[in-house]
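Colleague: What follows is run.txt, compact mmCIF, C-alpha atoms and all ligand atoms.
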# COMPACT_ATOMS: atom_id res chain seq x y z
CA MET Q 1 63.71 -30.10 26.95
CA SER Q 2 61.65 -30.26 23.77
CA PHE Q 3 61.52 -27.34 21.33
CA VAL Q 4 58.09 -28.36 20.00
CA LYS Q 5 55.89 -25.26 20.15
CA SER Q 6 52.65 -26.54 18.67
CA LEU Q 7 50.94 -29.11 16.49
CA ARG Q 8 49.66 -27.52 13.29
CA CYS Q 9 46.85 -28.94 11.16
CA ILE Q 10 48.17 -29.20 7.62
CA ASP Q 11 44.66 -28.70 6.20
CA CYS Q 12 43.23 -25.72 8.14
CA GLY Q 13 46.32 -24.36 9.90
CA ARG Q 14 44.78 -24.57 13.37
CA GLN Q 15 47.41 -24.90 16.12
CA TYR Q 16 47.16 -27.20 19.12
CA SER Q 17 49.29 -27.29 22.22
CA PRO Q 18 51.73 -30.22 22.35
CA GLN Q 19 50.31 -30.85 25.83
CA ASP Q 20 46.90 -31.73 24.32
CA SER Q 21 46.98 -35.46 23.86
CA ILE Q 22 45.57 -35.18 20.38
CA SER Q 23 46.59 -36.96 17.19
CA ILE Q 24 44.34 -35.35 14.59
CA CYS Q 25 42.67 -31.94 14.05
CA THR Q 26 39.30 -32.11 15.74
CA GLN Q 27 37.74 -29.79 13.14
CA CYS Q 28 39.04 -31.41 9.97
CA SER Q 29 38.96 -35.07 10.99
CA GLU Q 30 35.15 -35.00 10.76
CA LYS Q 31 35.53 -34.86 6.98
CA GLY Q 32 36.95 -38.40 6.90
CA LEU Q 33 40.08 -40.54 7.03
CA GLY Q 34 43.20 -38.63 6.03
CA PHE Q 35 41.90 -35.16 6.89
CA GLY Q 36 43.45 -33.00 9.60
CA LEU Q 37 46.96 -34.44 9.86
CA LEU Q 38 48.99 -32.63 12.49
CA ASP Q 39 52.59 -31.59 12.16
CA PRO Q 40 54.89 -30.60 15.03
CA VAL Q 41 56.17 -27.02 14.79
CA TYR Q 42 59.34 -26.14 16.69
CA ASP Q 43 60.65 -22.91 18.17
CA TYR Q 44 63.21 -22.33 15.43
CA ASP Q 45 64.44 -19.05 16.97
CA LYS Q 46 65.42 -20.90 20.12
CA ILE Q 47 66.98 -23.74 18.14
CA GLY Q 48 68.91 -21.17 16.09
CA GLU Q 49 70.25 -19.55 19.29
CA LYS Q 50 71.54 -22.91 20.49
CA LEU Q 51 72.80 -24.45 17.26
CA ASN Q 52 74.80 -23.53 14.21
CA LYS Q 53 76.64 -25.49 11.54
CA ASP Q 54 79.82 -25.63 13.67
CA THR Q 55 78.00 -27.04 16.69
CA LEU Q 56 76.44 -29.71 14.52
CA GLU Q 57 79.71 -30.53 12.78
CA GLY Q 58 81.30 -31.01 16.19
CA ARG Q 59 78.86 -33.80 17.02
CA LYS Q 60 79.33 -37.41 15.93
CA LEU Q 61 77.19 -38.39 12.91
CA SER Q 62 74.06 -40.11 14.26
CA LEU Q 63 70.35 -39.44 14.41
CA TRP Q 64 70.43 -38.05 17.94
CA LYS Q 65 72.98 -35.36 17.11
CA TYR Q 66 69.88 -33.53 15.87
CA LYS Q 67 68.08 -33.97 19.19
CA GLU Q 68 66.90 -30.33 19.26
CA PHE Q 69 64.74 -31.15 16.21
CA MET Q 70 63.17 -34.17 17.93
CA PRO Q 71 59.97 -34.18 20.01
CA ILE Q 72 61.58 -35.61 23.15
CA SER Q 73 61.67 -33.80 26.51
CA ASP Q 74 63.36 -36.38 28.70
CA GLU Q 75 66.67 -37.52 27.24
CA SER Q 76 66.90 -40.35 29.77
CA LYS Q 77 63.98 -42.00 27.92
CA ILE Q 78 65.78 -42.19 24.58
CA VAL Q 79 65.88 -45.74 23.21
CA SER Q 80 68.62 -46.04 20.63
CA LEU Q 81 70.20 -48.90 18.71
CA GLN Q 82 72.69 -46.49 17.06
CA GLU Q 83 70.44 -45.77 14.08
CA GLY Q 84 71.16 -43.15 11.43
CA GLY Q 85 74.53 -41.72 10.47
CA THR Q 86 74.37 -43.92 7.37
CA PRO Q 87 76.74 -43.50 4.40
CA LEU Q 88 75.96 -41.28 1.43
CA ILE Q 89 77.77 -43.06 -1.38
CA LYS Q 90 78.68 -41.45 -4.68
CA SER Q 91 77.90 -43.78 -7.54
CA GLU Q 92 80.64 -44.32 -10.10
CA ASN Q 93 79.46 -47.36 -12.03
CA LEU Q 94 75.68 -47.16 -12.00
CA SER Q 95 75.71 -43.43 -12.75
CA ARG Q 96 77.82 -44.08 -15.86
CA GLU Q 97 75.50 -46.89 -16.90
CA ILE Q 98 72.37 -44.75 -16.67
CA GLY Q 99 73.99 -41.54 -17.91
CA ILE Q 100 73.93 -39.14 -14.98
CA LYS Q 101 76.90 -37.25 -13.58
CA ASN Q 102 76.21 -36.90 -9.88
CA LEU Q 103 74.23 -39.73 -8.33
CA TYR Q 104 74.36 -40.32 -4.57
CA MET Q 105 72.86 -43.22 -2.70
CA LYS Q 106 71.85 -42.90 0.94
CA ASN Q 107 72.41 -46.43 2.18
CA GLU Q 108 69.76 -47.03 4.82
CA THR Q 109 70.20 -50.80 4.68
CA VAL Q 110 72.95 -50.49 7.32
CA ASN Q 111 70.52 -49.36 10.03
CA PRO Q 112 70.13 -51.69 13.06
CA THR Q 113 67.13 -53.59 11.65
CA PHE Q 114 68.29 -53.04 8.05
CA SER Q 115 65.77 -50.36 7.08
CA PHE Q 116 65.18 -46.63 7.43
CA LYS Q 117 62.21 -47.30 9.73
CA ASP Q 118 64.66 -47.33 12.65
CA ARG Q 119 64.81 -43.55 12.33
CA ALA Q 120 61.08 -43.40 13.00
CA PHE Q 121 61.05 -45.95 15.82
CA THR Q 122 63.90 -44.62 17.93
CA VAL Q 123 61.72 -41.50 18.25
CA ILE Q 124 58.35 -43.25 18.52
CA ILE Q 125 59.41 -45.69 21.23
CA SER Q 126 61.27 -42.98 23.17
CA ARG Q 127 58.08 -40.89 23.13
CA ALA Q 128 55.97 -43.90 24.11
CA LEU Q 129 58.22 -44.40 27.16
CA GLU Q 130 57.94 -40.70 28.04
CA GLN Q 131 54.20 -41.19 28.08
CA GLY Q 132 54.40 -44.25 30.28
CA ALA Q 133 53.52 -46.90 27.68
CA ASN Q 134 54.25 -50.50 28.54
CA ILE Q 135 52.34 -52.21 25.71
CA VAL Q 136 52.58 -50.92 22.15
CA ALA Q 137 50.85 -52.05 18.95
CA ALA Q 138 51.29 -51.31 15.27
CA VAL Q 139 50.09 -52.36 11.86
CA SER Q 140 52.89 -53.16 9.44
CA ASP Q 141 53.60 -55.17 6.31
CA GLY Q 142 57.13 -55.76 7.55
CA ASN Q 143 59.83 -53.15 8.05
CA ALA Q 144 58.02 -50.92 10.52
CA GLY Q 145 56.95 -53.98 12.51
CA SER Q 146 60.52 -55.27 12.70
CA SER Q 147 61.77 -51.92 13.83
CA ALA Q 148 58.93 -51.51 16.34
CA ALA Q 149 59.73 -54.95 17.73
CA ALA Q 150 63.48 -54.31 18.04
CA TYR Q 151 63.09 -50.95 19.80
CA SER Q 152 60.41 -52.39 22.09
CA ALA Q 153 62.80 -55.22 22.96
CA LYS Q 154 65.51 -52.70 23.84
CA ALA Q 155 63.00 -50.67 25.88
CA GLY Q 156 61.70 -53.77 27.67
CA ILE Q 157 58.07 -53.27 26.66
CA LYS Q 158 55.55 -55.58 25.01
CA CYS Q 159 54.94 -55.18 21.28
CA TYR Q 160 52.02 -56.44 19.17
CA VAL Q 161 52.30 -56.27 15.40
CA PHE Q 162 49.30 -56.76 13.10
CA THR Q 163 50.26 -57.73 9.56
CA PRO Q 164 48.09 -57.77 6.41
CA SER Q 165 47.72 -61.10 4.61
CA PHE Q 166 50.33 -60.22 1.96
CA ALA Q 167 53.16 -59.64 4.49
CA VAL Q 168 56.25 -61.66 3.54
CA GLY Q 169 57.42 -64.50 5.80
CA SER Q 170 60.98 -63.23 6.19
CA LYS Q 171 59.82 -59.93 7.65
CA ILE Q 172 57.37 -61.68 9.99
CA THR Q 173 60.27 -63.89 11.13
CA GLN Q 174 62.36 -60.81 11.87
CA MET Q 175 59.71 -59.17 14.05
CA THR Q 176 59.04 -62.45 15.84
CA MET Q 177 62.76 -62.89 16.59
CA TYR Q 178 62.79 -59.50 18.32
CA GLY Q 179 60.05 -60.81 20.58
CA ALA Q 180 56.93 -59.21 19.09
CA LYS Q 181 53.64 -61.09 19.10
CA VAL Q 182 52.45 -61.09 15.50
CA PHE Q 183 48.81 -61.31 14.40
CA SER Q 184 48.35 -62.08 10.71
CA VAL Q 185 45.08 -60.36 9.76
CA LYS Q 186 43.13 -61.86 6.86
CA GLY Q 187 42.75 -58.57 5.05
CA SER Q 188 44.48 -55.49 3.67
CA LEU Q 189 46.84 -53.05 5.39
CA ILE Q 190 43.88 -50.72 6.01
CA ASP Q 191 41.79 -53.59 7.51
CA ALA Q 192 44.66 -54.51 9.85
CA GLY Q 193 45.20 -50.84 10.72
CA MET Q 194 41.55 -50.39 11.69
CA LEU Q 195 41.78 -53.44 13.95
CA VAL Q 196 44.83 -51.97 15.70
CA ILE Q 197 42.91 -48.73 16.34
CA GLU Q 198 40.00 -50.66 17.87
CA ALA Q 199 42.27 -52.91 19.94
CA CYS Q 200 44.27 -49.96 21.27
CA GLU Q 201 41.04 -48.22 22.30
CA LYS Q 202 39.70 -51.33 24.00
CA TYR Q 203 42.87 -52.50 25.77
CA GLY Q 204 44.61 -49.18 26.35
CA TRP Q 205 47.67 -50.09 24.27
CA PHE Q 206 49.81 -47.34 22.79
CA ASN Q 207 49.35 -47.17 18.99
CA ILE Q 208 52.80 -46.78 17.42
CA THR Q 209 51.75 -47.30 13.80
CA THR Q 210 53.95 -45.27 11.47
CA ALA Q 211 51.15 -43.33 9.85
CA LYS Q 212 50.91 -39.60 10.29
CA VAL Q 213 47.16 -40.05 10.39
CA ILE Q 214 47.59 -41.85 13.74
CA ASN Q 215 50.70 -40.34 15.22
CA PRO Q 216 51.78 -36.78 14.31
CA TYR Q 217 55.29 -37.40 15.65
CA GLN Q 218 56.04 -40.53 13.65
CA THR Q 219 57.58 -38.60 10.75
CA GLU Q 220 60.07 -36.67 12.87
CA GLY Q 221 62.81 -39.32 12.82
CA HIS Q 222 62.74 -39.47 9.04
CA LYS Q 223 63.56 -35.76 8.80
CA THR Q 224 67.10 -36.58 9.84
CA LEU Q 225 67.69 -38.14 6.42
CA ALA Q 226 67.58 -34.60 5.03
CA TYR Q 227 69.91 -33.21 7.72
CA GLU Q 228 72.48 -35.93 7.13
CA ILE Q 229 72.40 -35.56 3.34
CA CYS Q 230 72.96 -31.78 3.69
CA GLU Q 231 75.93 -32.27 6.00
CA GLN Q 232 77.39 -35.06 3.91
CA LEU Q 233 77.26 -32.85 0.81
CA GLY Q 234 79.06 -30.02 2.61
CA TRP Q 235 75.93 -28.09 3.67
CA LYS Q 236 74.23 -28.30 0.31
CA SER Q 237 71.06 -29.90 -0.89
CA PRO Q 238 71.08 -32.06 -4.03
CA ASP Q 239 68.85 -30.92 -6.88
CA TRP Q 240 66.63 -33.97 -6.43
CA ILE Q 241 65.74 -36.46 -3.72
CA ILE Q 242 64.19 -39.68 -4.96
CA THR Q 243 62.46 -41.88 -2.41
CA PRO Q 244 60.02 -44.80 -2.50
CA ALA Q 245 56.51 -43.80 -1.43
CA ALA Q 246 53.77 -45.84 0.19
CA SER Q 247 51.97 -43.45 2.53
CA GLY Q 248 54.42 -40.77 1.34
CA ASP Q 249 54.89 -39.79 5.00
CA SER Q 250 58.67 -40.15 4.78
CA LEU Q 251 58.71 -38.22 1.49
CA GLY Q 252 57.03 -35.33 3.33
CA ALA Q 253 59.27 -35.73 6.36
CA ILE Q 254 62.47 -35.49 4.31
CA TRP Q 255 61.10 -32.36 2.65
CA LYS Q 256 60.32 -30.90 6.08
CA GLY Q 257 63.93 -31.56 7.17
CA PHE Q 258 65.30 -29.64 4.19
CA LYS Q 259 62.91 -26.76 4.80
CA GLU Q 260 63.98 -26.55 8.45
CA PHE Q 261 67.69 -26.40 7.58
CA HIS Q 262 66.89 -23.82 4.90
CA ALA Q 263 64.88 -21.66 7.33
CA LEU Q 264 67.78 -21.75 9.80
CA GLY Q 265 70.18 -20.65 7.05
CA PHE Q 266 72.18 -23.92 7.14
CA ILE Q 267 71.63 -24.49 3.39
CA LYS Q 268 70.92 -22.08 0.54
CA ASN Q 269 68.99 -24.32 -1.84
CA LEU Q 270 66.11 -26.76 -1.55
CA PRO Q 271 65.72 -30.04 -3.47
CA ARG Q 272 62.88 -31.15 -5.68
CA MET Q 273 61.21 -34.24 -4.23
CA ALA Q 274 60.32 -37.30 -6.31
CA GLY Q 275 58.22 -40.18 -4.97
CA VAL Q 276 58.26 -43.56 -6.70
CA GLN Q 277 55.55 -46.23 -6.48
CA GLY Q 278 55.02 -49.60 -8.13
CA GLN Q 279 52.64 -49.77 -11.09
CA GLY Q 280 49.50 -51.37 -9.69
CA ALA Q 281 49.98 -49.62 -6.35
CA ALA Q 282 50.36 -46.01 -7.35
CA PRO Q 283 47.55 -43.90 -5.83
CA LEU Q 284 49.87 -40.97 -5.15
CA VAL Q 285 51.11 -40.98 -8.74
CA LYS Q 286 47.50 -41.00 -9.93
CA ALA Q 287 46.59 -38.03 -7.75
CA PHE Q 288 49.70 -36.17 -8.90
CA GLU Q 289 49.27 -36.86 -12.60
CA GLU Q 290 45.54 -36.17 -12.63
CA ASP Q 291 45.85 -33.17 -10.32
CA LYS Q 292 43.41 -34.72 -7.85
CA GLN Q 293 43.08 -34.17 -4.12
CA PHE Q 294 44.00 -37.14 -1.96
CA PHE Q 295 40.36 -38.08 -1.21
CA GLU Q 296 39.42 -38.06 -4.89
CA VAL Q 297 41.48 -41.21 -5.55
CA GLU Q 298 39.25 -44.20 -4.97
CA GLN Q 299 40.60 -47.00 -2.80
CA PHE Q 300 41.69 -50.10 -4.76
CA GLU Q 301 43.45 -53.45 -4.21
CA PRO Q 302 47.18 -52.75 -4.72
CA GLU Q 303 49.57 -55.15 -6.44
CA THR Q 304 53.33 -54.74 -6.94
CA ILE Q 305 56.51 -56.71 -6.31
CA ALA Q 306 57.59 -53.84 -4.04
CA ASP Q 307 55.87 -55.37 -0.98
CA ALA Q 308 56.56 -52.40 1.32
CA LEU Q 309 54.77 -50.08 -1.10
CA ARG Q 310 51.48 -51.96 -1.43
CA ILE Q 311 49.03 -49.21 -0.72
CA GLY Q 312 45.69 -48.58 -2.41
CA MET Q 313 44.84 -45.08 -1.22
CA VAL Q 314 46.41 -41.71 -0.38
CA LEU Q 315 46.22 -40.97 3.33
CA GLY Q 316 46.12 -37.20 3.53
CA SER Q 317 47.48 -34.16 1.71
CA TRP Q 318 50.99 -34.36 3.26
CA PRO Q 319 52.75 -36.12 0.32
CA LEU Q 320 50.84 -34.20 -2.35
CA ASN Q 321 51.69 -30.89 -0.68
CA THR Q 322 55.32 -31.98 -0.72
CA LEU Q 323 55.28 -32.71 -4.44
CA LYS Q 324 53.61 -29.39 -5.19
CA GLU Q 325 55.68 -27.21 -2.86
CA SER Q 326 58.98 -28.69 -4.01
CA ASN Q 327 58.00 -28.66 -7.69
CA GLY Q 328 58.60 -32.38 -7.56
CA HIS Q 329 57.43 -35.46 -9.39
CA ALA Q 330 55.69 -38.78 -8.78
CA VAL Q 331 56.35 -41.74 -11.01
CA ALA Q 332 55.25 -45.38 -11.19
CA VAL Q 333 57.54 -48.24 -12.27
CA SER Q 334 56.81 -51.82 -13.35
CA ASP Q 335 57.91 -55.02 -11.60
CA GLU Q 336 60.40 -55.65 -14.44
CA GLU Q 337 61.97 -52.22 -14.02
CA ILE Q 338 62.19 -52.73 -10.25
CA LEU Q 339 63.93 -56.11 -10.57
CA GLU Q 340 66.32 -54.76 -13.19
CA ALA Q 341 67.21 -51.83 -10.91
CA GLN Q 342 67.67 -54.17 -7.93
CA GLY Q 343 70.10 -56.29 -9.95
CA LEU Q 344 71.98 -53.23 -11.23
CA LEU Q 345 72.44 -51.74 -7.76
CA ALA Q 346 73.83 -54.99 -6.42
CA ALA Q 347 76.05 -55.82 -9.39
CA LYS Q 348 77.31 -52.31 -10.16
CA GLU Q 349 77.51 -50.75 -6.71
CA GLY Q 350 77.63 -53.64 -4.26
CA ILE Q 351 74.44 -52.51 -2.53
CA PHE Q 352 71.77 -55.16 -2.10
CA VAL Q 353 68.38 -53.53 -1.53
CA GLU Q 354 64.85 -54.83 -1.34
CA PRO Q 355 62.57 -54.32 -4.37
CA SER Q 356 60.76 -51.41 -2.69
CA SER Q 357 64.03 -49.49 -2.43
CA ALA Q 358 65.15 -50.37 -5.95
CA THR Q 359 62.15 -48.37 -7.20
CA THR Q 360 64.24 -45.23 -6.68
CA ILE Q 361 66.75 -46.25 -9.35
CA ALA Q 362 63.98 -47.43 -11.68
CA GLY Q 363 62.20 -44.10 -11.06
CA LEU Q 364 65.39 -42.14 -11.74
CA LYS Q 365 65.80 -43.89 -15.09
CA ARG Q 366 62.23 -43.00 -16.02
CA LEU Q 367 62.56 -39.39 -14.95
CA LEU Q 368 65.78 -39.06 -16.97
CA ASP Q 369 64.05 -40.62 -20.01
CA GLN Q 370 61.09 -38.27 -19.63
CA GLY Q 371 63.45 -35.29 -19.38
CA ALA Q 372 62.06 -34.39 -15.94
CA ILE Q 373 65.57 -34.76 -14.49
CA ASP Q 374 68.60 -33.51 -16.38
CA LYS Q 375 71.78 -35.60 -16.49
CA ASP Q 376 73.77 -32.66 -15.09
CA GLU Q 377 71.61 -32.41 -11.97
CA THR Q 378 72.66 -33.87 -8.62
CA VAL Q 379 70.39 -36.65 -7.42
CA ALA Q 380 70.25 -38.53 -4.10
CA CYS Q 381 68.28 -41.78 -3.97
CA VAL Q 382 67.19 -43.09 -0.58
CA LEU Q 383 67.85 -46.85 -0.44
CA THR Q 384 65.43 -47.62 2.35
CA GLY Q 385 65.77 -51.36 3.07
CA SER Q 386 68.08 -54.36 2.65
CA GLY Q 387 67.69 -57.05 -0.02
CA LEU Q 388 67.96 -59.73 2.66
CA LYS Q 389 64.59 -58.55 3.95
CA VAL Q 390 62.89 -60.23 0.99
CA PRO Q 391 65.25 -63.07 -0.02
CA GLU Q 392 62.53 -64.92 -1.95
CA VAL Q 393 62.49 -62.33 -4.73
CA ALA Q 394 66.27 -62.35 -5.17
CA MET Q 395 66.43 -66.15 -5.00
CA GLU Q 396 64.11 -66.38 -7.97
CA MET Q 397 66.56 -64.30 -9.99
CA CYS Q 398 69.53 -66.50 -9.04
CA THR Q 399 68.43 -70.01 -9.93
CA GLU Q 400 71.50 -71.15 -11.81
CA LEU Q 401 73.68 -73.00 -9.30
CA ILE Q 402 76.85 -74.53 -10.73
CA GLN Q 403 77.56 -77.75 -8.86
CA ILE Q 404 80.99 -79.39 -9.20
CA GLU Q 405 83.17 -82.07 -7.64
CA PRO Q 406 85.97 -80.64 -5.46
CA SER Q 407 88.75 -80.82 -8.10
CA LEU Q 408 90.49 -78.32 -10.40
CA SER Q 409 89.83 -80.43 -13.49
CA GLU Q 410 86.11 -80.36 -12.73
CA LEU Q 411 86.27 -76.60 -12.21
CA GLU Q 412 88.04 -76.14 -15.54
CA LYS Q 413 85.21 -77.90 -17.35
CA VAL Q 414 82.69 -75.32 -16.22
CA LEU Q 415 84.81 -72.15 -16.17
C1 LIG M 1 61.69 -50.21 2.60
C2 LIG M 1 60.62 -49.18 2.54
N1 LIG M 1 60.75 -48.17 1.68
C3 LIG M 1 59.81 -47.22 1.57
C4 LIG M 1 58.66 -47.23 2.35
C5 LIG M 1 57.62 -46.15 2.16
O1 LIG M 1 57.51 -45.31 3.25
P1 LIG M 1 56.30 -44.31 3.42
O2 LIG M 1 55.13 -45.10 3.91
O3 LIG M 1 56.78 -43.31 4.40
O4 LIG M 1 56.01 -43.71 2.08
C6 LIG M 1 58.49 -48.25 3.27
C7 LIG M 1 57.29 -48.29 4.10
O5 LIG M 1 56.99 -49.24 4.77
C8 LIG M 1 59.50 -49.25 3.38
O6 LIG M 1 59.38 -50.25 4.25
ZN ZN M 2 42.27 -28.74 10.69
Would you put the structure from the file into structure tokens?
Ligand SMILES: Cc1ncc(COP(=O)(O)O)c(C=O)c1O
Ligand SMILES: [Zn+2]

Modeller:
Amino acid sequence: MSFVKSLRCIDCGRQYSPQDSISICTQCSEKGLGFGLLDPVYDYDKIGEKLNKDTLEGRKLSLWKYKEFMPISDESKIVSLQEGGTPLIKSENLSREIGIKNLYMKNETVNPTFSFKDRAFTVIISRALEQGANIVAAVSDGNAGSSAAAYSAKAGIKCYVFTPSFAVGSKITQMTMYGAKVFSVKGSLIDAGMLVIEACEKYGWFNITTAKVINPYQTEGHKTLAYEICEQLGWKSPDWIITPAASGDSLGAIWKGFKEFHALGFIKNLPRMAGVQGQGAAPLVKAFEEDKQFFEVEQFEPETIADALRIGMVLGSWPLNTLKESNGHAVAVSDEEILEAQGLLAAKEGIFVEPSSATTIAGLKRLLDQGAIDKDETVACVLTGSGLKVPEVAMEMCTELIQIEPSLSELEKVL
């Protein structure tokens, strides 16, 4: 049984029944792309009657232990690869290096397809099955496509992934290995996304793109990051959550998760949310800094080494609302800062992340420098994807290969 009560338009507040097969507010969507995003609202009284902290503590750490907060009615349709339940690691070395007392890292690289997108897709594919889908399609520059492909493989359904021209080969390989048919579109992420919408309309495929603008339920899996962090910190929220932001959908989802636990009385405090983007692909940062609405930022061609964050527009008010409501921050970091942070995380903490995820550490350094975050505050960075997802970038940093003959005397010469 699902506890979803309604779908609420985040722009005008209008409520729709979850039974309406609707993905966007009919009133607001007329204003243009990004308007009228819908958010599932649950019956929190009923959830509160069924659950408390003890019940949750009694369940094994995993995404589906929070099933009451998920939009699934038929549990037999759940497609899981054992996602979630990832470690929250306290930094000892990196925190000392950058001068902060309590730094935690949520290591999402250990998810089944090595990124946090598995949280979204276990829910999305389970819902698609509930609705009888047998062919699904998504636009993705890599991680979402890999996750979509893996969960479709497990579910036994056909998956088409449309990638923009900048998508990296290693990620395309991963989705192909899971059996997806990949179409490399000669254009941007938005161009590829528009093609998916048209193709789904024409061929009746189920659009599983992880964009709230297409699928109101796609952010629900990401909420569990907040739940897990609260539990792992002994039912407390950190002072700050720092997460990489492309669409900013996951930023908003994590915030929603904290608000839900707060409303149910599971935690007493709420975090401030910080979103990090790459310089050259920072529309959200622009809107935040210039106090603009999402539609006032003109679309542009994005460029950053953080390939998963290449976005040239803000798709709706969801991430901006999050930054405002949580009294948060948005910050942009350069390619050099990203690569430095990636190296530091690997060499100081033994966690190898992709450049997009390293933005969180680069962003933290900036926010400490700017005085936006205090060194005594508790910070949790979400490390969203593995470094092996984009080996090309790391390989360029590790060019010096010491070749020797197999003898100790030869080794001694180079030691
Ligand atoms: C590794 C990684 N981190 C962060 C993000 C940003 O997520 P969002 O679009 O929810 O802001 C993505 C999106 O693809 C990603 O793949
Ligand atoms: Zn509306």

Colleague: With 6 Å of padding per side, what axis-aligned box (centre and edge lengths, Å, one decimal) covers all the listed atoms of region 114-132 of chain Q? Give it as JSON.

Modeller:
{"center_x": 61.2, "center_y": -46.9, "center_z": 18.7, "size_x": 26.1, "size_y": 24.3, "size_z": 35.2}

Colleague: Could you list, as number ranges by chain, every residue within 6 Å of region 251-265 of chain Q, counting all atoms listed in the file and ignoring same-chain residues fewer than 2 positions away?

Modeller: Q: 219, 222-223, 226, 248-249, 267, 319, 322

Colleague: Using all atoms listed in the file, find the one residue out of Q:Ile404, Q:Leu88, Q:Ala347, Q:Leu411 that sits nearest to Leu61 (chain Q).

Modeller: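 Answer, going by the shortest atom-to-atom distance: Q:Leu88.
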
Colleague: If I put a ball of radius 12 Å at (71.1, -55.0, -9.7) in the file's coordinates, which residues poke into it when counting only C-alpha atoms, written as an MDAnalysis selection string?

Modeller: chainID Q and resid 93:94 97 336:355 357:359 361:362 387 394 397:398

Colleague: Compile the contact shell of region 316-318 of chain Q as a short mmCIF file (atom, residue, chain, number, x, y, z; two decimals) with C-alpha atoms, in the coordinates of the input: residues with an atom at most 6 Å away, counting all atoms listed in the file, same-chain residues fewer than 5 positions apart removed.

Modeller:
data_model
loop_
_atom_site.label_atom_id
_atom_site.label_comp_id
_atom_site.auth_asym_id
_atom_site.auth_seq_id
_atom_site.Cartn_x
_atom_site.Cartn_y
_atom_site.Cartn_z
CA GLY Q 34 43.20 -38.63 6.03
CA PHE Q 35 41.90 -35.16 6.89
CA PHE Q 294 44.00 -37.14 -1.96
#

Colleague: Smallest atom-to-atom distance to Lys154 (chain Q): which of Q:Ile125, Q:Val4, Q:Val414, Q:Val379, using only C-alpha atoms?

Modeller: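 Answer, going by the shortest atom-to-atom distance: Q:Ile125.
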
Colleague: Between Q:Ala287, Q:Met175, Q:Ala330, Q:Ala144, which one has atoms that come closest to ligand LIG 1 (chain M), using only C-alpha atoms and all ligand atoms?

Modeller: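 When distances to ligand LIG 1 (chain M) are compared using only C-alpha atoms and all ligand atoms, the smallest one comes from Q:Ala144.
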
Colleague: Can you list, as a list in words, every protein, DNA or RNA residue that comes within 6 Å of Ala138 (chain Q) when you count only C-alpha atoms, leaving out same-chain residues fewer than 2 positions away?

Modeller: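 Near Ala138 (chain Q), the qualifying residues are Val161, Asn207, Ile208 and Thr209 of chain Q.
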
Colleague: Write region 34-42 of chain Q as a PDB file, in the coordinates of the input, completed to N, CA, C and O atoms.

Modeller:
ATOM      1  N   GLY Q  34      42.145 -39.312   6.786  1.00  0.00           N
ATOM      2  CA  GLY Q  34      43.200 -38.630   6.030  1.00  0.00           C
ATOM      3  C   GLY Q  34      43.140 -37.111   6.166  1.00  0.00           C
ATOM      4  O   GLY Q  34      44.076 -36.414   5.810  1.00  0.00           O
ATOM      5  N   PHE Q  35      42.018 -36.605   6.692  1.00  0.00           N
ATOM      6  CA  PHE Q  35      41.900 -35.160   6.890  1.00  0.00           C
ATOM      7  C   PHE Q  35      42.476 -34.762   8.253  1.00  0.00           C
ATOM      8  O   PHE Q  35      42.358 -35.515   9.218  1.00  0.00           O
ATOM      9  N   GLY Q  36      43.050 -33.577   8.305  1.00  0.00           N
ATOM     10  CA  GLY Q  36      43.450 -33.000   9.600  1.00  0.00           C
ATOM     11  C   GLY Q  36      44.730 -33.565  10.184  1.00  0.00           C
ATOM     12  O   GLY Q  36      44.866 -33.641  11.408  1.00  0.00           O
ATOM     13  N   LEU Q  37      45.686 -33.949   9.334  1.00  0.00           N
ATOM     14  CA  LEU Q  37      46.960 -34.440   9.860  1.00  0.00           C
ATOM     15  C   LEU Q  37      47.673 -33.301  10.591  1.00  0.00           C
ATOM     16  O   LEU Q  37      47.645 -32.156  10.146  1.00  0.00           O
ATOM     17  N   LEU Q  38      48.309 -33.656  11.695  1.00  0.00           N
ATOM     18  CA  LEU Q  38      48.990 -32.630  12.490  1.00  0.00           C
ATOM     19  C   LEU Q  38      50.493 -32.744  12.323  1.00  0.00           C
ATOM     20  O   LEU Q  38      51.035 -33.849  12.225  1.00  0.00           O
ATOM     21  N   ASP Q  39      51.142 -31.584  12.320  1.00  0.00           N
ATOM     22  CA  ASP Q  39      52.590 -31.590  12.160  1.00  0.00           C
ATOM     23  C   ASP Q  39      53.243 -30.777  13.280  1.00  0.00           C
ATOM     24  O   ASP Q  39      52.850 -29.629  13.527  1.00  0.00           O
ATOM     25  N   PRO Q  40      54.229 -31.356  13.959  1.00  0.00           N
ATOM     26  CA  PRO Q  40      54.890 -30.600  15.030  1.00  0.00           C
ATOM     27  C   PRO Q  40      55.661 -29.392  14.498  1.00  0.00           C
ATOM     28  O   PRO Q  40      56.382 -29.494  13.512  1.00  0.00           O
ATOM     29  N   VAL Q  41      55.454 -28.252  15.145  1.00  0.00           N
ATOM     30  CA  VAL Q  41      56.170 -27.020  14.790  1.00  0.00           C
ATOM     31  C   VAL Q  41      57.106 -26.700  15.962  1.00  0.00           C
ATOM     32  O   VAL Q  41      56.691 -26.751  17.120  1.00  0.00           O
ATOM     33  N   TYR Q  42      58.339 -26.364  15.646  1.00  0.00           N
ATOM     34  CA  TYR Q  42      59.340 -26.140  16.690  1.00  0.00           C
ATOM     35  C   TYR Q  42      59.615 -24.641  16.856  1.00  0.00           C
ATOM     36  O   TYR Q  42      59.289 -23.833  15.978  1.00  0.00           O
TER      37      TYR Q  42
END
